[in-house]
Structure formats: C-alpha cells, structure tokens
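Worksheet for the structure shown next.
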Amino acid sequence: MNFIMGLMKFSPVFLLAGLMIAEFNALIAAPIATIYAAIIAFATEKLSFNELLDSAVENVKEMQLVFFILMAAYAMAEAFMATGVGAAIINAALNLGLNGKTVAVTALVVTGILSVATGTSWGTFAAAAPIFLWLNHIVGGNLMLTTAAVAGGACFGDNIGLISDTTVVSSGIHKVEVIHRIRHQGVWSVSTLILSAIVIFVVGLFMGLPDIVGNAADAIQQIPEEVWTNLDAKRPSAVTLLNQVQDGVPFYMVIPLILVIAVAIKGLPTLACLGIGIITSLILGLFAGTVTSISGDDGFLNLMITGFADAGSWVIVMMMWVGAFGGIMAKMDAFAPLSNFISKRIRKVRQLMFANGLLSIAGNAALSDEMAQIVTIGPIMKNLTDENVIASEEDMYKLRLRNATYNDALGVFGSQLIPWHVYMSFYVGIASAVYPLASFTAIDIIKYNFMAMIAVGSILILTLTGLDRFVPLFGIPSEPDVRIRTKAEREAKIANDESIKEANTVR
C-alpha cells in the first residue's frame, strides 16, 4: 500500500517528463503537471484547495529575485549582441590570423567567451558557425573537429554566464546566488576550457593539418546567399553579429564584458553586474556608432524592452509554474520514496552527490532537453540532499552550489553527448544550413566534442574522489563536517515533518 501511495505521489514527475518527451511546449506541460499534482495531493493527503494554493504561491515567492535577474540578463544579452560586444570578441581573435592547425582551438575559445557575453549556447552556435565553418574551409582544417569545438565552446557560457537562463534557473531552484555559483565553479570551468583547447590542438597536430592562413572577411564573403536567408529565418541576431564582424567594430567594445566579469569576481550582486554591463554597452555603443539612438524602434531602450519581453514571454512564466509544481510536490512529500531508496544505498555525502550527478545525466537523456532536466530533476536533487544530509548552514550551502552546478553543467554539456538530444538536432540543423557542402550527423560532432567529455567526466570524478578540494573554491565538505543521516535520524525527521504538517492542517 505504501508503495502504491508513493508511486501516486511521484506520478506528476512522470507526467511532466512524458509531456516533455512528447515535445509539448514547457508552458503547456508545466501547468498540466501542476494541476495533476494538486489533484494527487488532494486525493492522497486530503489537502484543501487553499492549502495547495498557499504552498504553490509561497514557493514561487522565493523565486522573485530570480525573475528580476532573468529580465536583466535577457536585456544585457540583447545589448551585447546589438552594440558590437560580441563582434569585438570575435574580431579580436580572428585578426591574429588562423591556419588549419589553430582554427578549431580558436573556435573553442572565441565561442566560449562569446557565450559568456550573450548567455546563449544556441545563439552563439548560430552566430559563430558560419564564420568558423567557412574559415575552416579556407584554411583546410578538420570540419568535424571545428564544428565540435564551436558546439563545446558555445555551451561554456551557458553553464557559467551571468546572463544564461540555465545558470539563473538552476541557481534559483537550488536557492543559491548566481554570483556565488559562478565563483564556486569558476576555476573548474576555466580549467576545463583550457584543457579542452590543449587536447583539440594536439589532435589537430596529429591530423597533420596545413598552415594556410585565412581571415574572417574572406570566410564571410564565401557564405552563399541561401545560407544568409536560412540563418535570418532561424537566428536573426546571428545575421546582425556577422554583419558587425564583417564591417568591423572598435576593439574597446569588449570593455563591457571585461567589466562584468571583473565585478562578478569581486562579488558584486548579480543585478549590479548586469546593470553595469547594460550601461557600459550603451555608453561605448554611442561612441562606436553601433547605438544610433536611445528611444524609437531602433533605439537602445527597445533592446531592453525586447529582452524583458523575451524573458517574460517564456522563461519567467515557466519558472512560476515550476515553482508552483515544486511547492505542491513538497507539500505532499512526494520525493520521500526516492530519497529513502537512495539513502539506503549510500554511506557518504560524496556518494549522494555523485548519485545526484547521475540523476542529472539520466534525466537529460530521458527528457532530451536541458531545461526540462533542470526543472524536473533539480527539485529531486535538492530534496535528496536536504532530507539525507546533516550539515551546518554554511556547508549545506556549498552542497547546494554543487547541485546547481551539476544540474546546469550535466544538462548543458551532457546534452552534447546524447545523440537524440534537441541540442544536437539544433546543431546539426544549423551546421547543415550554413555549410551545405557537407552532411552532418550528431555522432560526427559528438566524437570530437572534447569539451563536453572533459566537463562531464571531470565534475563527476572530482566529486566522487574528493579531488575537487585541490581546485580553488570548488571543494565540497566531506565527513566528518557533513554526514548522512542514520536510519533512526531519518525516521525521526519524517515523524517531525508529519507532526508539523498535522499542526499546519489544524490551523
């Protein structure tokens, strides 16, 4: 009977996963799953409508700061794409002159930086692929190595960028500050980028690639007209960026990105960092001529409106429904059976954290969408940690930082290693559209995506072995500072939670 009851309580997760697999829009799947969760909570716990509504609303209230961050993040991304910050980053690297041996390495590093500036892996890939695939054509590089480098680098900022929706959402679910999250994983993330660049360069040397030098202007001029048309239909912002790369923008347009990174490292609040990025891109854009007016249809303020609208039309609404879903699931203690199953098989906190990482990968493979994995698996990971670990507030916060990093990194980079993932479908589609001289498959890109392999493998191994303590700011607490609850302690906690629940019901 307990098993059936536990399965019923967990069934809203299966429903949400099934809807996402069936390719329902997240804005439809989340409300359906939330309503179903409310019905299950009413049937199993006899909770009233008002109790369920209060649980949902209270959980959403805790995400209010996340909503403001998302709006500012989308606005800054629009500003960076339109004012020339992204183009300046690309031109700074390409002006050095590239050959067949260095084109893939440069593609990795440039897209890594560009993705931090724009906060989107999809947009970065769409903007950078035309440049680097045709530049690769000119200098005689390895096409799949370069394509995989663009894909891997594009995900770098989506995992650590201040303006990445996956970074903000995963941090919000685990209730950690975005700035703290970035500082926690910063050295590890940069190290994976550097190591990946070394591996790609060495692989290029063994391939015997030529030393022919090319430049971006030649590459862009070779892009066929139909490619421009296809790209404009799929990613208009990528066309704007390509035109800026071709026409050139002042080098000082990289300053907004440098300032944002610098103040983030200093520990300035996330909203303040985003505000600095927006203001400096406006001021320097006026000097550079990339910003021609403040108001009007083509003005800078319209970029801010577009960013706010893009965030509000999808990600914020989805987060509200996910928050409501999580509040109802927590109210009926839906994750207790899974928590009990895992807790009976682990002995150390690191084993639990490793299990959380595996849950992220499994969820990503099952749902084929990194955001769906974050919002579905994230609350489960949080519940597993909160219910099974005894730790101080400070140490528990560090564990939540790792869970948020897991949720995001194994969602974004993990997607690069799953052939049926929507990420790979998008990459194959864009690559085929911008470079019609070759046929692309997901497996072709995956087998050269060293960035994804290194990121996924390293975070799991470092966590399980405890070697993460040698990476500055990346270590998580271990026994005896933290420990797994004993069976008696778990039972006592369950009894205490039940008594609190009954007391609330009486009120």
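The chains in the structure tokens are called A, B, ... from first to last as shown; in each chain the residues are counted from 1, and the ligands are counted from 1 in the order shown.
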Excluding Phe354 in chain A and residues on its chain fewer than 4 positions from it, collect all residues at most 10 Å away from it, counting only C-alpha atoms, and give them as a PyMOL selection string. chain A and resi 349-350+358-360+403+406+459-465
List every residue of range 294-357 of chain A that DSSP, applied to the backbone, labels as alpha helix (DSSP H), and write the result as a ChimeraX atom specification. /A:300-310,316-331,336-343,349-357
All residues 7 Å or closer to Ile446 in chain A, only C-alpha atoms, same chain fewer than 2 positions away omitted, as a ChimeraX atom specification: /A:148,416-417,442-444,448-449
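The gap separating CA of Gly161 in chain A from CA of Val110 in chain A is 14.3 Å, in Å to one decimal.
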Between A:Gly429, A:Gly186, A:Gly277, A:Gly204, which residue has the minimum interatomic distance to Ile160 in chain A, considering only C-alpha atoms? A:Gly186
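Residue nearest Ile279 in chain A, chosen from A:Leu352, A:Ala88, A:Val412, A:Ala79 and counting only C-alpha atoms: A:Ala79.
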Tell me, as a compact mmCIF listing (two decimals) with N, CA, C and O atoms, in the first residue's frame, which residues lie within 8 Å of range 141-147 of chain A, counting only C-alpha atoms; anything in the same chain fewer than 4 positions away does not count.
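Saved file out_20.txt follows:
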```
# COMPACT_ATOMS: atom_id res chain seq x y z
N ASN A 99 45.22 29.29 -39.03
CA ASN A 99 45.52 28.28 -40.03
C ASN A 99 44.78 26.99 -39.69
O ASN A 99 44.01 26.93 -38.73
N GLY A 100 45.03 25.95 -40.46
CA GLY A 100 44.32 24.69 -40.28
C GLY A 100 44.53 24.07 -38.91
O GLY A 100 43.66 23.38 -38.39
N LYS A 101 45.70 24.31 -38.33
CA LYS A 101 46.01 23.72 -37.02
C LYS A 101 45.35 24.46 -35.86
O LYS A 101 45.10 23.88 -34.80
N VAL A 103 42.50 26.73 -36.15
CA VAL A 103 41.14 27.21 -36.34
C VAL A 103 40.16 26.59 -35.33
O VAL A 103 39.29 27.28 -34.79
N ALA A 104 40.29 25.30 -35.03
CA ALA A 104 39.38 24.65 -34.09
C ALA A 104 39.61 25.15 -32.67
O ALA A 104 38.64 25.39 -31.92
N VAL A 105 40.88 25.31 -32.28
CA VAL A 105 41.19 25.82 -30.93
C VAL A 105 40.62 27.22 -30.76
O VAL A 105 40.00 27.54 -29.74
N ALA A 107 38.18 28.54 -32.41
CA ALA A 107 36.72 28.44 -32.40
C ALA A 107 36.22 28.12 -30.99
O ALA A 107 35.23 28.69 -30.52
N ALA A 129 29.05 29.60 -36.08
CA ALA A 129 29.22 28.50 -37.04
C ALA A 129 29.49 29.00 -38.47
O ALA A 129 30.40 28.47 -39.13
N PHE A 132 33.28 30.20 -38.58
CA PHE A 132 34.34 29.21 -38.38
C PHE A 132 34.25 28.03 -39.35
O PHE A 132 35.29 27.46 -39.71
N LEU A 133 33.06 27.66 -39.80
CA LEU A 133 32.98 26.55 -40.75
C LEU A 133 33.51 26.97 -42.12
O LEU A 133 34.20 26.19 -42.80
N ASN A 136 37.26 27.48 -41.71
CA ASN A 136 37.85 26.14 -41.74
C ASN A 136 38.00 25.65 -43.17
O ASN A 136 39.00 25.02 -43.54
N HIS A 137 37.01 25.95 -44.00
CA HIS A 137 37.05 25.58 -45.42
C HIS A 137 38.24 26.25 -46.13
O HIS A 137 38.94 25.61 -46.93
N ALA A 151 30.55 23.88 -30.95
CA ALA A 151 29.47 23.37 -30.10
C ALA A 151 29.89 23.36 -28.63
O ALA A 151 29.14 23.81 -27.75
N ILE A 200 42.38 19.64 -28.17
CA ILE A 200 41.99 19.89 -29.56
C ILE A 200 43.21 20.26 -30.40
O ILE A 200 43.36 19.81 -31.54
N GLY A 204 44.69 18.17 -33.52
CA GLY A 204 44.91 18.81 -34.81
C GLY A 204 46.32 18.58 -35.34
O GLY A 204 46.52 18.38 -36.54
N LEU A 209 47.25 18.80 -40.09
CA LEU A 209 46.53 19.87 -40.78
C LEU A 209 47.50 20.93 -41.30
O LEU A 209 48.57 21.14 -40.74
N PRO A 210 47.12 21.64 -42.37
CA PRO A 210 48.04 22.59 -43.03
C PRO A 210 48.21 23.90 -42.26
O PRO A 210 47.47 24.18 -41.31
N ALA A 431 24.39 23.70 -38.68
CA ALA A 431 25.62 23.40 -39.41
C ALA A 431 25.30 23.04 -40.86
O ALA A 431 26.00 23.49 -41.80
N ASP A 444 28.94 12.40 -35.52
CA ASP A 444 30.15 13.03 -36.06
C ASP A 444 30.65 14.14 -35.14
O ASP A 444 31.86 14.31 -34.93
N ILE A 445 29.69 14.93 -34.63
CA ILE A 445 30.05 16.05 -33.76
C ILE A 445 30.45 15.55 -32.37
O ILE A 445 31.42 16.02 -31.77
N TYR A 448 34.09 14.24 -31.49
CA TYR A 448 35.18 15.22 -31.38
C TYR A 448 34.90 16.29 -30.32
O TYR A 448 35.69 17.23 -30.18
N ASN A 449 33.80 16.16 -29.59
CA ASN A 449 33.44 17.20 -28.62
C ASN A 449 34.18 16.94 -27.30
O ASN A 449 33.61 16.51 -26.30
```
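The neighbours of Gly152 in chain A here are the residues that come within 9 Å of it, using only C-alpha atoms and leaving out any residue fewer than 3 positions away in the same chain; they are Leu108, Thr111, Gly112, Ser121, Thr147, Ala148, Ala149, Cys155, Phe156, Phe413, Gln416, Asn449, Phe450, Met451 and Ala452 of chain A.
Comparing A:Ala330, A:Val85, A:Ile113, A:Leu98 by their smallest distance to Leu284 in chain A, the closest is A:Val85 (using only C-alpha atoms).
Of the residues under consideration (A:Ala92, A:Ile346, A:Ala82, A:Leu19), A:Ala82 shows the shortest atom-to-atom contact distance to Thr290 in chain A when counting only C-alpha atoms.
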For Ala126 in chain A: contacts at 12 Å, only C-alpha atoms, fewer than 2 positions along chain excluded, given as a PyMOL selection string: chain A and resi 111+114-115+118+120-124+128-133+147+150-151+154+227-228+230-242+426-435
Next, write the just-selected residues to a file, as an mmCIF file, in the first residue's frame, keeping C-alpha atoms as the atom set.
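Saved to part-v3.cif:
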```cif
data_model
loop_
_atom_site.group_PDB
_atom_site.id
_atom_site.type_symbol
_atom_site.label_atom_id
_atom_site.label_comp_id
_atom_site.auth_asym_id
_atom_site.auth_seq_id
_atom_site.Cartn_x
_atom_site.Cartn_y
_atom_site.Cartn_z
ATOM 1 C CA THR A 111 32.711 30.788 -28.724
ATOM 2 C CA LEU A 114 31.082 34.866 -26.792
ATOM 3 C CA SER A 115 28.671 32.562 -24.957
ATOM 4 C CA THR A 118 25.500 36.567 -24.860
ATOM 5 C CA THR A 120 23.054 31.600 -25.033
ATOM 6 C CA SER A 121 24.657 28.492 -26.476
ATOM 7 C CA TRP A 122 22.123 28.227 -29.300
ATOM 8 C CA GLY A 123 22.612 31.855 -30.333
ATOM 9 C CA THR A 124 26.398 31.565 -30.052
ATOM 10 C CA ALA A 128 29.813 31.571 -34.847
ATOM 11 C CA ALA A 129 29.216 28.503 -37.041
ATOM 12 C CA PRO A 130 29.063 30.432 -40.361
ATOM 13 C CA ILE A 131 32.345 32.183 -39.599
ATOM 14 C CA PHE A 132 34.336 29.209 -38.379
ATOM 15 C CA LEU A 133 32.985 26.547 -40.754
ATOM 16 C CA THR A 147 32.198 22.050 -35.603
ATOM 17 C CA VAL A 150 32.120 25.551 -31.781
ATOM 18 C CA ALA A 151 29.469 23.372 -30.103
ATOM 19 C CA ALA A 154 29.048 27.631 -27.146
ATOM 20 C CA VAL A 227 22.742 30.455 -46.165
ATOM 21 C CA TRP A 228 22.096 34.072 -45.172
ATOM 22 C CA ASN A 230 18.249 30.355 -43.763
ATOM 23 C CA LEU A 231 20.189 31.954 -40.924
ATOM 24 C CA ASP A 232 17.994 35.053 -40.925
ATOM 25 C CA ALA A 233 14.928 32.831 -40.550
ATOM 26 C CA LYS A 234 16.382 30.787 -37.676
ATOM 27 C CA ARG A 235 18.554 33.307 -35.813
ATOM 28 C CA PRO A 236 18.226 36.976 -36.949
ATOM 29 C CA SER A 237 20.597 38.129 -34.226
ATOM 30 C CA ALA A 238 23.314 35.950 -35.770
ATOM 31 C CA VAL A 239 22.997 37.882 -39.035
ATOM 32 C CA THR A 240 23.429 41.182 -37.173
ATOM 33 C CA LEU A 241 26.529 39.826 -35.469
ATOM 34 C CA LEU A 242 28.018 38.560 -38.750
ATOM 35 C CA PHE A 426 19.651 22.103 -33.497
ATOM 36 C CA TYR A 427 23.411 21.981 -34.063
ATOM 37 C CA VAL A 428 23.127 19.554 -36.963
ATOM 38 C CA GLY A 429 20.382 21.714 -38.495
ATOM 39 C CA ILE A 430 22.347 24.959 -38.218
ATOM 40 C CA ALA A 431 25.617 23.402 -39.413
ATOM 41 C CA SER A 432 23.870 21.861 -42.445
ATOM 42 C CA ALA A 433 22.194 25.188 -43.241
ATOM 43 C CA VAL A 434 25.323 27.360 -43.013
ATOM 44 C CA TYR A 435 27.717 24.867 -44.639
#
```
